[in-house]
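**Q** Next comes structure_7.pdb, PDB, C-alpha atoms, pLDDT in the B column:
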```pdb
MODEL        1
ATOM      1  CA  LEU A   1     -19.569  33.279  66.370  1.00 83.00           C
ATOM      2  CA  ARG A   2     -18.848  33.187  62.643  1.00 86.00           C
ATOM      3  CA  ALA A   3     -20.930  31.344  60.065  1.00 90.00           C
ATOM      4  CA  PRO A   4     -19.241  28.298  58.463  1.00 93.00           C
ATOM      5  CA  ASP A   5     -18.749  30.101  55.186  1.00 93.00           C
ATOM      6  CA  TRP A   6     -16.269  27.717  53.576  1.00 95.00           C
ATOM      7  CA  LEU A   7     -18.486  24.708  54.312  1.00 97.00           C
ATOM      8  CA  ALA A   8     -21.424  26.703  52.943  1.00 97.00           C
ATOM      9  CA  TYR A   9     -19.562  27.115  49.641  1.00 97.00           C
ATOM     10  CA  ALA A  10     -18.850  23.366  49.438  1.00 98.00           C
ATOM     11  CA  THR A  11     -22.485  22.621  50.300  1.00 98.00           C
ATOM     12  CA  ALA A  12     -23.672  24.908  47.506  1.00 98.00           C
ATOM     13  CA  VAL A  13     -21.358  23.170  45.017  1.00 98.00           C
ATOM     14  CA  LEU A  14     -22.862  19.815  46.001  1.00 98.00           C
ATOM     15  CA  GLU A  15     -26.399  21.186  45.701  1.00 98.00           C
ATOM     16  CA  ARG A  16     -25.612  22.445  42.208  1.00 98.00           C
ATOM     17  CA  GLU A  17     -24.520  18.900  41.302  1.00 97.00           C
ATOM     18  CA  GLY A  18     -27.849  17.518  42.517  1.00 97.00           C
ATOM     19  CA  VAL A  19     -26.441  16.017  45.728  1.00 96.00           C
ATOM     20  CA  ASP A  20     -28.753  16.024  48.755  1.00 96.00           C
ATOM     21  CA  ALA A  21     -26.311  17.940  50.950  1.00 97.00           C
ATOM     22  CA  ARG A  22     -27.119  19.475  54.338  1.00 97.00           C
ATOM     23  CA  ILE A  23     -25.026  21.697  56.561  1.00 97.00           C
ATOM     24  CA  TYR A  24     -25.337  21.672  60.349  1.00 96.00           C
ATOM     25  CA  ASP A  25     -23.458  24.188  62.495  1.00 95.00           C
ATOM     26  CA  PHE A  26     -23.476  22.617  65.938  1.00 93.00           C
ATOM     27  CA  PRO A  27     -22.076  25.597  67.906  1.00 91.00           C
ATOM     28  CA  ALA A  28     -24.722  27.924  66.437  1.00 92.00           C
ATOM     29  CA  LEU A  29     -27.469  25.406  67.174  1.00 94.00           C
ATOM     30  CA  ARG A  30     -26.023  24.690  70.634  1.00 94.00           C
ATOM     31  CA  TRP A  31     -25.994  20.992  69.816  1.00 95.00           C
ATOM     32  CA  ASP A  32     -23.563  18.567  71.438  1.00 94.00           C
ATOM     33  CA  GLN A  33     -21.992  15.237  70.474  1.00 94.00           C
ATOM     34  CA  LYS A  34     -25.069  13.360  71.721  1.00 95.00           C
ATOM     35  CA  LYS A  35     -27.220  15.287  69.258  1.00 96.00           C
ATOM     36  CA  TYR A  36     -24.630  14.564  66.546  1.00 96.00           C
ATOM     37  CA  GLU A  37     -24.771  10.856  67.328  1.00 97.00           C
ATOM     38  CA  GLU A  38     -28.574  10.936  67.120  1.00 97.00           C
ATOM     39  CA  LEU A  39     -28.438  12.791  63.791  1.00 97.00           C
ATOM     40  CA  ILE A  40     -26.010  10.292  62.261  1.00 97.00           C
ATOM     41  CA  GLY A  41     -28.082   7.380  63.537  1.00 97.00           C
ATOM     42  CA  ARG A  42     -31.271   8.827  62.096  1.00 97.00           C
ATOM     43  CA  GLU A  43     -29.929  10.023  58.721  1.00 96.00           C
ATOM     44  CA  LYS A  44     -27.269   7.351  58.082  1.00 97.00           C
ATOM     45  CA  PRO A  45     -25.540   9.591  55.511  1.00 97.00           C
ATOM     46  CA  GLN A  46     -23.325   8.232  52.757  1.00 98.00           C
ATOM     47  CA  PHE A  47     -20.757  10.933  53.554  1.00 98.00           C
ATOM     48  CA  VAL A  48     -19.986  13.228  56.464  1.00 98.00           C
ATOM     49  CA  VAL A  49     -17.750  16.260  55.933  1.00 98.00           C
ATOM     50  CA  LEU A  50     -16.049  17.540  59.079  1.00 98.00           C
ATOM     51  CA  ASP A  51     -14.200  20.842  59.334  1.00 96.00           C
ATOM     52  CA  SER A  52     -10.973  20.803  61.332  1.00 95.00           C
ATOM     53  CA  THR A  53      -8.997  23.358  63.276  1.00 94.00           C
ATOM     54  CA  THR A  54      -6.016  22.768  65.518  1.00 94.00           C
ATOM     55  CA  PRO A  55      -7.834  23.698  68.759  1.00 94.00           C
ATOM     56  CA  SER A  56     -10.684  21.319  67.907  1.00 94.00           C
ATOM     57  CA  ILE A  57      -8.849  18.482  66.121  1.00 96.00           C
ATOM     58  CA  PHE A  58      -9.314  15.844  68.810  1.00 96.00           C
ATOM     59  CA  SER A  59     -13.018  16.647  69.033  1.00 95.00           C
ATOM     60  CA  ASP A  60     -13.191  16.544  65.216  1.00 96.00           C
ATOM     61  CA  ILE A  61     -11.582  13.099  65.165  1.00 97.00           C
ATOM     62  CA  GLU A  62     -13.945  11.955  67.916  1.00 97.00           C
ATOM     63  CA  CYS A  63     -16.852  13.036  65.694  1.00 97.00           C
ATOM     64  CA  ALA A  64     -15.395  10.959  62.853  1.00 98.00           C
ATOM     65  CA  LYS A  65     -15.217   7.951  65.167  1.00 97.00           C
ATOM     66  CA  ILE A  66     -18.806   8.475  66.293  1.00 97.00           C
ATOM     67  CA  ALA A  67     -19.975   8.548  62.666  1.00 97.00           C
ATOM     68  CA  LYS A  68     -18.225   5.233  61.959  1.00 97.00           C
ATOM     69  CA  ALA A  69     -19.524   3.612  65.140  1.00 97.00           C
ATOM     70  CA  VAL A  70     -23.140   4.641  64.573  1.00 97.00           C
ATOM     71  CA  SER A  71     -23.198   4.209  60.780  1.00 97.00           C
ATOM     72  CA  PRO A  72     -20.325   1.972  59.586  1.00 96.00           C
ATOM     73  CA  GLN A  73     -21.143   2.520  55.893  1.00 97.00           C
ATOM     74  CA  THR A  74     -20.701   6.302  56.240  1.00 98.00           C
ATOM     75  CA  ARG A  75     -17.551   7.726  54.679  1.00 98.00           C
ATOM     76  CA  VAL A  76     -15.855  10.616  56.464  1.00 98.00           C
ATOM     77  CA  ILE A  77     -14.123  13.456  54.643  1.00 98.00           C
ATOM     78  CA  MET A  78     -12.157  15.956  56.728  1.00 98.00           C
ATOM     79  CA  VAL A  79     -11.445  19.480  55.516  1.00 98.00           C
ATOM     80  CA  GLY A  80     -10.043  22.660  57.000  1.00 96.00           C
ATOM     81  CA  PRO A  81      -6.768  24.144  58.199  1.00 96.00           C
ATOM     82  CA  HIS A  82      -5.510  21.466  60.566  1.00 96.00           C
ATOM     83  CA  ALA A  83      -6.170  18.493  58.310  1.00 97.00           C
ATOM     84  CA  SER A  84      -4.763  20.458  55.355  1.00 97.00           C
ATOM     85  CA  SER A  85      -1.503  21.265  57.139  1.00 96.00           C
ATOM     86  CA  GLU A  86      -1.049  17.771  58.623  1.00 97.00           C
ATOM     87  CA  PRO A  87      -2.999  15.338  56.409  1.00 97.00           C
ATOM     88  CA  VAL A  88      -0.859  12.244  57.000  1.00 97.00           C
ATOM     89  CA  GLU A  89      -0.677  12.713  60.767  1.00 97.00           C
ATOM     90  CA  THR A  90      -4.427  13.428  60.940  1.00 97.00           C
ATOM     91  CA  LEU A  91      -5.272  10.225  59.068  1.00 97.00           C
ATOM     92  CA  GLN A  92      -2.926   8.235  61.306  1.00 97.00           C
ATOM     93  CA  VAL A  93      -4.290   9.696  64.555  1.00 96.00           C
ATOM     94  CA  ALA A  94      -7.854   9.118  63.346  1.00 96.00           C
ATOM     95  CA  ALA A  95      -6.921   5.441  62.930  1.00 94.00           C
ATOM     96  CA  GLY A  96      -9.340   4.634  60.129  1.00 94.00           C
ATOM     97  CA  ALA A  97     -12.173   6.943  61.213  1.00 97.00           C
ATOM     98  CA  VAL A  98     -11.375   9.430  58.417  1.00 98.00           C
ATOM     99  CA  ASP A  99     -11.484   8.094  54.855  1.00 97.00           C
ATOM    100  CA  ALA A 100     -10.090  11.105  53.000  1.00 98.00           C
ATOM    101  CA  ILE A 101      -8.746  14.582  53.655  1.00 98.00           C
ATOM    102  CA  ALA A 102      -9.286  17.474  51.264  1.00 98.00           C
ATOM    103  CA  ILE A 103      -6.096  19.529  51.350  1.00 98.00           C
ATOM    104  CA  GLY A 104      -6.458  23.293  51.021  1.00 96.00           C
ATOM    105  CA  GLU A 105      -9.281  24.886  49.057  1.00 96.00           C
ATOM    106  CA  TYR A 106     -11.947  22.213  49.050  1.00 97.00           C
ATOM    107  CA  ASP A 107     -15.037  23.566  47.265  1.00 97.00           C
ATOM    108  CA  TYR A 108     -14.595  21.143  44.342  1.00 98.00           C
ATOM    109  CA  THR A 109     -12.466  18.549  46.135  1.00 98.00           C
ATOM    110  CA  VAL A 110     -15.331  17.387  48.353  1.00 98.00           C
ATOM    111  CA  ARG A 111     -17.537  17.041  45.280  1.00 98.00           C
ATOM    112  CA  ASP A 112     -14.901  15.010  43.449  1.00 98.00           C
ATOM    113  CA  VAL A 113     -14.291  12.674  46.402  1.00 98.00           C
ATOM    114  CA  ILE A 114     -18.020  11.985  46.704  1.00 98.00           C
ATOM    115  CA  GLN A 115     -18.455  11.439  42.968  1.00 97.00           C
ATOM    116  CA  SER A 116     -15.317   9.271  42.630  1.00 97.00           C
ATOM    117  CA  PHE A 117     -15.423   7.182  45.802  1.00 96.00           C
ATOM    118  CA  PRO A 118     -13.842   4.654  46.258  1.00 94.00           C
ATOM    119  CA  ASN A 119     -11.581   5.323  43.236  1.00 96.00           C
ATOM    120  CA  LEU A 120      -9.738   8.314  44.659  1.00 97.00           C
ATOM    121  CA  SER A 121      -6.294   8.118  43.064  1.00 95.00           C
ATOM    122  CA  SER A 122      -7.255  10.515  40.251  1.00 96.00           C
ATOM    123  CA  VAL A 123      -8.747  13.150  42.580  1.00 98.00           C
ATOM    124  CA  PRO A 124      -6.223  15.973  43.064  1.00 98.00           C
ATOM    125  CA  GLY A 125      -5.597  17.586  46.428  1.00 98.00           C
ATOM    126  CA  ILE A 126      -6.405  14.751  48.814  1.00 98.00           C
ATOM    127  CA  ALA A 127      -4.839  12.271  51.200  1.00 98.00           C
ATOM    128  CA  PHE A 128      -6.517   8.903  51.774  1.00 98.00           C
ATOM    129  CA  TRP A 129      -5.935   5.349  52.895  1.00 94.00           C
ATOM    130  CA  SER A 130      -5.080   2.756  50.249  1.00 93.00           C
ATOM    131  CA  GLU A 131      -4.087  -0.800  51.185  1.00 90.00           C
ATOM    132  CA  GLY A 132      -2.945   0.260  54.629  1.00 90.00           C
ATOM    133  CA  GLU A 133      -0.873   3.204  53.397  1.00 93.00           C
ATOM    134  CA  VAL A 134      -1.604   6.910  53.259  1.00 96.00           C
ATOM    135  CA  VAL A 135      -1.593   8.155  49.659  1.00 97.00           C
ATOM    136  CA  THR A 136      -1.336  11.865  48.838  1.00 97.00           C
ATOM    137  CA  THR A 137      -2.363  12.933  45.343  1.00 98.00           C
ATOM    138  CA  ALA A 138      -0.990  15.847  43.328  1.00 97.00           C
ATOM    139  CA  PRO A 139      -1.988  19.288  44.615  1.00 97.00           C
ATOM    140  CA  ARG A 140      -5.256  20.688  43.320  1.00 97.00           C
ATOM    141  CA  PRO A 141      -4.821  23.967  41.412  1.00 96.00           C
ATOM    142  CA  LEU A 142      -6.511  26.915  43.085  1.00 96.00           C
ATOM    143  CA  ILE A 143      -9.823  27.942  41.540  1.00 96.00           C
ATOM    144  CA  PRO A 144      -8.852  30.556  38.926  1.00 94.00           C
ATOM    145  CA  ASN A 145     -12.300  32.085  38.425  1.00 95.00           C
ATOM    146  CA  LEU A 146     -14.168  32.493  41.693  1.00 96.00           C
ATOM    147  CA  ASP A 147     -17.275  33.592  39.766  1.00 95.00           C
ATOM    148  CA  ASP A 148     -17.705  29.928  38.818  1.00 96.00           C
ATOM    149  CA  LEU A 149     -18.623  29.160  42.426  1.00 96.00           C
ATOM    150  CA  PRO A 150     -22.257  29.358  43.502  1.00 96.00           C
ATOM    151  CA  TYR A 151     -23.269  31.588  46.377  1.00 94.00           C
ATOM    152  CA  PRO A 152     -22.827  29.835  49.742  1.00 95.00           C
ATOM    153  CA  ALA A 153     -25.758  27.765  50.995  1.00 96.00           C
ATOM    154  CA  TRP A 154     -26.918  30.482  53.402  1.00 95.00           C
ATOM    155  CA  HIS A 155     -30.507  29.235  53.008  1.00 96.00           C
ATOM    156  CA  GLN A 156     -29.567  26.212  55.143  1.00 97.00           C
ATOM    157  CA  LEU A 157     -28.348  28.321  58.083  1.00 95.00           C
ATOM    158  CA  ASP A 158     -30.067  30.716  60.473  1.00 93.00           C
ATOM    159  CA  LEU A 159     -27.846  33.745  59.935  1.00 90.00           C
ATOM    160  CA  LEU A 160     -29.390  35.560  62.896  1.00 90.00           C
ATOM    161  CA  LYS A 161     -27.520  33.155  65.174  1.00 89.00           C
ATOM    162  CA  TYR A 162     -24.136  34.621  64.178  1.00 88.00           C
ATOM    163  CA  PHE A 163     -22.588  37.645  65.795  1.00 86.00           C
ATOM    164  CA  ASP A 164     -19.395  39.625  66.130  1.00 85.00           C
ATOM    165  CA  GLY A 165     -18.686  41.723  69.201  1.00 85.00           C
ATOM    166  CA  THR A 166     -17.608  44.650  67.009  1.00 88.00           C
ATOM    167  CA  LYS A 167     -20.912  44.802  65.117  1.00 86.00           C
ATOM    168  CA  LEU A 168     -24.293  46.010  66.327  1.00 85.00           C
ATOM    169  CA  HIS A 169     -26.355  43.833  64.016  1.00 84.00           C
ATOM    170  CA  PRO A 170     -26.325  40.313  62.540  1.00 84.00           C
ATOM    171  CA  TYR A 171     -23.923  40.030  59.623  1.00 84.00           C
ATOM    172  CA  VAL A 172     -22.701  37.767  56.869  1.00 82.00           C
ATOM    173  CA  ASP A 173     -19.255  37.610  55.244  1.00 82.00           C
ATOM    174  CA  ILE A 174     -18.975  38.351  51.543  1.00 83.00           C
ATOM    175  CA  PHE A 175     -15.682  37.299  49.970  1.00 87.00           C
ATOM    176  CA  SER A 176     -14.711  39.216  46.857  1.00 91.00           C
ATOM    177  CA  GLY A 177     -11.416  37.396  46.530  1.00 95.00           C
ATOM    178  CA  ARG A 178      -9.130  34.721  47.875  1.00 96.00           C
ATOM    179  CA  GLY A 179      -5.405  34.520  48.392  1.00 95.00           C
ATOM    180  CA  CYS A 180      -2.968  36.991  49.899  1.00 95.00           C
ATOM    181  CA  PRO A 181       0.606  37.892  48.882  1.00 94.00           C
ATOM    182  CA  HIS A 182       1.712  38.493  52.477  1.00 93.00           C
ATOM    183  CA  LYS A 183       3.203  35.983  54.916  1.00 88.00           C
ATOM    184  CA  CYS A 184       1.992  37.205  58.296  1.00 93.00           C
ATOM    185  CA  THR A 185       3.039  34.788  61.033  1.00 90.00           C
ATOM    186  CA  PHE A 186      -0.349  35.030  62.775  1.00 91.00           C
ATOM    187  CA  CYS A 187      -2.434  34.084  59.705  1.00 91.00           C
ATOM    188  CA  LEU A 188      -2.737  30.599  58.253  1.00 90.00           C
ATOM    189  CA  TRP A 189      -5.123  31.241  55.348  1.00 92.00           C
ATOM    190  CA  PRO A 190      -2.704  31.990  52.489  1.00 93.00           C
ATOM    191  CA  GLN A 191      -0.149  29.400  53.555  1.00 91.00           C
ATOM    192  CA  VAL A 192      -2.589  26.577  54.239  1.00 93.00           C
ATOM    193  CA  MET A 193      -5.818  27.173  52.359  1.00 95.00           C
ATOM    194  CA  HIS A 194      -5.998  29.825  49.623  1.00 94.00           C
ATOM    195  CA  GLY A 195      -2.469  30.492  48.423  1.00 94.00           C
ATOM    196  CA  HIS A 196      -0.503  33.695  47.952  1.00 94.00           C
ATOM    197  CA  LYS A 197      -1.881  34.652  44.528  1.00 93.00           C
ATOM    198  CA  LEU A 198      -4.681  37.170  44.865  1.00 94.00           C
ATOM    199  CA  ARG A 199      -7.683  36.078  42.863  1.00 95.00           C
TER
ENDMDL
END
```
Show me the file's structure as structure tokens.
**A**
Amino acid sequence: LRAPDWLAYATAVLEREGVDARIYDFPALRWDQKKYEELIGREKPQFVVLDSTTPSIFSDIECAKIAKAVSPQTRVIMVGPHASSEPVETLQVAAGAVDAIAIGEYDYTVRDVIQSFPNLSSVPGIAFWSEGEVVTTAPRPLIPNLDDLPYPAWHQLDLLKYFDGTKLHPYVDIFSGRGCPHKCTFCLWPQVMHGHKLR
């Protein structure tokens, strides 16, 4: 079970901007959709950010629908590999439950969507609904200087809940770079999220 490191980066960016942002890792907490529904009902957040993968996409969309049903004023932003590779299809399948998709590297995109909503046309690297049509903005440039990012919001997670079968002790990932020049068929990260330029 790996910590949600990319969401932790986005959370830290929001914290730095003074946004009251919280990260919940349901698999690590062993929480289910009922607990999620209770959390949304209690907190009634302005925004919910959901990570997406292809194996979990229908569950991810179901979580978006739950957020809208329990708290209609909540806006849902979807991030991650699946939504990034198929943003238009994801918005269409979600049928209005997802307001915007951050395509690719999303550390600053989530911040910009939250700060700009509902005027999203100037936010690069997103797809969103506008007057019944899906609009995709210009691609967001990759972050040139990764040192500008804050450390991930590890303080919001219990890192002792994460494990890897090849390690004897709890661990945390430290990323010293992003991007990869290779095009391995089994790896989606350079093609979908972080590009081929090593930073």
**Q** Find the residues around stretch 149-166 of chain A up to 9 Å (only C-alpha atoms counted), leave out those fewer than 6 positions away in its own chain, and share them as a PyMOL selection string.
**A** chain A and resi 1-3+5-13+15-16+22-25+28-29+107+143+172
**Q** Would you write out, as a PyMOL selection string, every residue that the PyMOL selection byres ((chain A and resi 139) around 8) captures in this file?
**A** chain A and resi 103+124-126+137-138+140-141
**Q** Using only C-alpha atoms, I'd like a table of the residues in stretch 24-88 of chain A that come within 10 Å of stretch 177-190 of chain A; for each, show the closest atom pair and its distance in Å rounded to one decimal, ordered by chain and ascending number, as CSV.
**A**
```
residue,atom,partner,partner_atom,distance
A:Pro81,CA,A:Leu188,CA,7.6
A:His82,CA,A:Leu188,CA,9.8
A:Ser85,CA,A:Leu188,CA,9.5
```
**Q** Using atom CA of A:Ser56 and atom CA of A:Gln115 as the two end points, give the distance in Å to one decimal.
**A**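 Between atom CA of A:Ser56 and atom CA of A:Gln115 the gap works out to 27.9 Å.
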**Q** So which one's closest to A:Leu39, A:Ile57, A:Val70, A:Val113, A:Val19? Using only C-alpha atoms, please.
**A**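 For A:Leu39, the nearest of the given residues is A:Val70.
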**Q** Go ahead and compute the interatomic distance for atom CA of A:Gly18 and atom CA of A:Ile114, in Å to one decimal.
**A**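 Value for the atom CA of A:Gly18-atom CA of A:Ile114 distance: 12.0 Å.
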**Q** Can you pull out the residues contacting A:Ile101? Cut-off 6 Å, using all atoms listed in the file, and skip same-chain residues under 4 positions away; I want them as an mmCIF file with C-alpha atoms, in the frame of the given file.
**A**
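Just written: selection.cif:
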```
data_model
loop_
_atom_site.group_PDB
_atom_site.id
_atom_site.type_symbol
_atom_site.label_atom_id
_atom_site.label_comp_id
_atom_site.auth_asym_id
_atom_site.auth_seq_id
_atom_site.Cartn_x
_atom_site.Cartn_y
_atom_site.Cartn_z
ATOM 1 C CA ILE A 77 -14.123 13.456 54.643
ATOM 2 C CA MET A 78 -12.157 15.956 56.728
ATOM 3 C CA VAL A 79 -11.445 19.480 55.516
ATOM 4 C CA ILE A 126 -6.405 14.751 48.814
ATOM 5 C CA ALA A 127 -4.839 12.271 51.200
#
```
**Q** Quick one: pull the distance between atom CA of A:Gly195 and atom CA of A:Ala21, Å, one decimal.
**A**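 One can read the atom CA of A:Gly195 to atom CA of A:Ala21 distance as 27.1 Å.
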**Q** Would you please work out which residue, of A:Val76, A:Ala67, A:Ile61, A:Val88, is nearest to A:Glu43 when using only C-alpha atoms?
**A** A:Ala67
**Q** Could you check which of A:Pro4, A:Thr74, A:Gln33, A:Asp20 is closest to A:Asp51, using only C-alpha atoms?
**A** A:Pro4
**Q** Which residue is closest to A:Asp147? Choose from A:Trp129, A:Ala69, A:Thr54, A:Arg199 and count all atoms listed in the file.
**A**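 Nearest to A:Asp147: A:Arg199.
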**Q** Please determine, counting all atoms listed in the file, which residue among A:Val192, A:Leu198, A:Ala97, A:Leu91 has the shortest atom-to-atom distance to A:Val48.
**A**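 Among the listed residues, the smallest separation from A:Val48 belongs to A:Ala97.
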**Q** N, CA, C and O atoms are what I want for stretch 35-54 of chain A; can you complete it accordingly and write them as a PDB file, in the coordinates of the input?
**A**
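Saved to rebuild.pdb:
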```pdb
ATOM      1  N   LYS A  35     -26.316  14.907  70.343  1.00 96.00           N
ATOM      2  CA  LYS A  35     -27.220  15.287  69.258  1.00 96.00           C
ATOM      3  C   LYS A  35     -26.639  14.864  67.907  1.00 96.00           C
ATOM      4  O   LYS A  35     -27.357  14.408  67.014  1.00 96.00           O
ATOM      5  N   TYR A  36     -25.316  14.997  67.767  1.00 96.00           N
ATOM      6  CA  TYR A  36     -24.630  14.564  66.546  1.00 96.00           C
ATOM      7  C   TYR A  36     -24.801  13.057  66.344  1.00 96.00           C
ATOM      8  O   TYR A  36     -25.127  12.600  65.250  1.00 96.00           O
ATOM      9  N   GLU A  37     -24.614  12.311  67.405  1.00 97.00           N
ATOM     10  CA  GLU A  37     -24.771  10.856  67.328  1.00 97.00           C
ATOM     11  C   GLU A  37     -26.197  10.489  66.916  1.00 97.00           C
ATOM     12  O   GLU A  37     -26.410   9.606  66.082  1.00 97.00           O
ATOM     13  N   GLU A  38     -27.170  11.188  67.478  1.00 97.00           N
ATOM     14  CA  GLU A  38     -28.574  10.936  67.120  1.00 97.00           C
ATOM     15  C   GLU A  38     -28.829  11.264  65.654  1.00 97.00           C
ATOM     16  O   GLU A  38     -29.542  10.529  64.949  1.00 97.00           O
ATOM     17  N   LEU A  39     -28.259  12.374  65.179  1.00 97.00           N
ATOM     18  CA  LEU A  39     -28.438  12.791  63.791  1.00 97.00           C
ATOM     19  C   LEU A  39     -27.849  11.762  62.830  1.00 97.00           C
ATOM     20  O   LEU A  39     -28.497  11.373  61.846  1.00 97.00           O
ATOM     21  N   ILE A  40     -26.640  11.301  63.113  1.00 97.00           N
ATOM     22  CA  ILE A  40     -26.010  10.292  62.261  1.00 97.00           C
ATOM     23  C   ILE A  40     -26.831   9.005  62.272  1.00 97.00           C
ATOM     24  O   ILE A  40     -27.061   8.379  61.227  1.00 97.00           O
ATOM     25  N   GLY A  41     -27.288   8.595  63.438  1.00 97.00           N
ATOM     26  CA  GLY A  41     -28.082   7.380  63.537  1.00 97.00           C
ATOM     27  C   GLY A  41     -29.392   7.465  62.776  1.00 97.00           C
ATOM     28  O   GLY A  41     -29.843   6.482  62.178  1.00 97.00           O
ATOM     29  N   ARG A  42     -29.990   8.646  62.781  1.00 97.00           N
ATOM     30  CA  ARG A  42     -31.271   8.827  62.096  1.00 97.00           C
ATOM     31  C   ARG A  42     -31.091   8.942  60.584  1.00 97.00           C
ATOM     32  O   ARG A  42     -31.816   8.328  59.806  1.00 97.00           O
ATOM     33  N   GLU A  43     -30.098   9.739  60.153  1.00 96.00           N
ATOM     34  CA  GLU A  43     -29.929  10.023  58.721  1.00 96.00           C
ATOM     35  C   GLU A  43     -29.109   8.960  57.993  1.00 96.00           C
ATOM     36  O   GLU A  43     -29.290   8.753  56.805  1.00 96.00           O
ATOM     37  N   LYS A  44     -28.172   8.317  58.688  1.00 97.00           N
ATOM     38  CA  LYS A  44     -27.269   7.351  58.082  1.00 97.00           C
ATOM     39  C   LYS A  44     -26.727   7.863  56.733  1.00 97.00           C
ATOM     40  O   LYS A  44     -26.938   7.268  55.673  1.00 97.00           O
ATOM     41  N   PRO A  45     -25.999   8.978  56.764  1.00 97.00           N
ATOM     42  CA  PRO A  45     -25.540   9.591  55.511  1.00 97.00           C
ATOM     43  C   PRO A  45     -24.476   8.752  54.810  1.00 97.00           C
ATOM     44  O   PRO A  45     -23.739   8.009  55.445  1.00 97.00           O
ATOM     45  N   GLN A  46     -24.393   8.899  53.503  1.00 98.00           N
ATOM     46  CA  GLN A  46     -23.325   8.232  52.757  1.00 98.00           C
ATOM     47  C   GLN A  46     -21.981   8.866  53.091  1.00 98.00           C
ATOM     48  O   GLN A  46     -20.970   8.176  53.176  1.00 98.00           O
ATOM     49  N   PHE A  47     -21.982  10.196  53.260  1.00 98.00           N
ATOM     50  CA  PHE A  47     -20.757  10.933  53.554  1.00 98.00           C
ATOM     51  C   PHE A  47     -21.020  11.949  54.661  1.00 98.00           C
ATOM     52  O   PHE A  47     -22.099  12.525  54.735  1.00 98.00           O
ATOM     53  N   VAL A  48     -20.000  12.143  55.487  1.00 98.00           N
ATOM     54  CA  VAL A  48     -19.986  13.228  56.464  1.00 98.00           C
ATOM     55  C   VAL A  48     -18.729  14.044  56.196  1.00 98.00           C
ATOM     56  O   VAL A  48     -17.644  13.485  56.030  1.00 98.00           O
ATOM     57  N   VAL A  49     -18.879  15.363  56.118  1.00 98.00           N
ATOM     58  CA  VAL A  49     -17.750  16.260  55.933  1.00 98.00           C
ATOM     59  C   VAL A  49     -17.543  17.025  57.229  1.00 98.00           C
ATOM     60  O   VAL A  49     -18.461  17.701  57.704  1.00 98.00           O
ATOM     61  N   LEU A  50     -16.368  16.890  57.808  1.00 98.00           N
ATOM     62  CA  LEU A  50     -16.049  17.540  59.079  1.00 98.00           C
ATOM     63  C   LEU A  50     -14.961  18.581  58.875  1.00 98.00           C
ATOM     64  O   LEU A  50     -13.923  18.286  58.285  1.00 98.00           O
ATOM     65  N   ASP A  51     -15.208  19.793  59.378  1.00 96.00           N
ATOM     66  CA  ASP A  51     -14.200  20.842  59.334  1.00 96.00           C
ATOM     67  C   ASP A  51     -13.235  20.630  60.491  1.00 96.00           C
ATOM     68  O   ASP A  51     -13.620  20.128  61.545  1.00 96.00           O
ATOM     69  N   SER A  52     -11.982  21.017  60.298  1.00 95.00           N
ATOM     70  CA  SER A  52     -10.973  20.803  61.332  1.00 95.00           C
ATOM     71  C   SER A  52     -10.190  22.069  61.605  1.00 95.00           C
ATOM     72  O   SER A  52      -9.854  22.811  60.679  1.00 95.00           O
ATOM     73  N   THR A  53      -9.932  22.315  62.869  1.00 94.00           N
ATOM     74  CA  THR A  53      -8.997  23.358  63.276  1.00 94.00           C
ATOM     75  C   THR A  53      -8.070  22.725  64.307  1.00 94.00           C
ATOM     76  O   THR A  53      -8.401  21.694  64.903  1.00 94.00           O
ATOM     77  N   THR A  54      -6.946  23.342  64.544  1.00 94.00           N
ATOM     78  CA  THR A  54      -6.016  22.768  65.518  1.00 94.00           C
ATOM     79  C   THR A  54      -6.607  22.723  66.930  1.00 94.00           C
ATOM     80  O   THR A  54      -6.499  21.696  67.597  1.00 94.00           O
TER      81      THR A  54
END
```
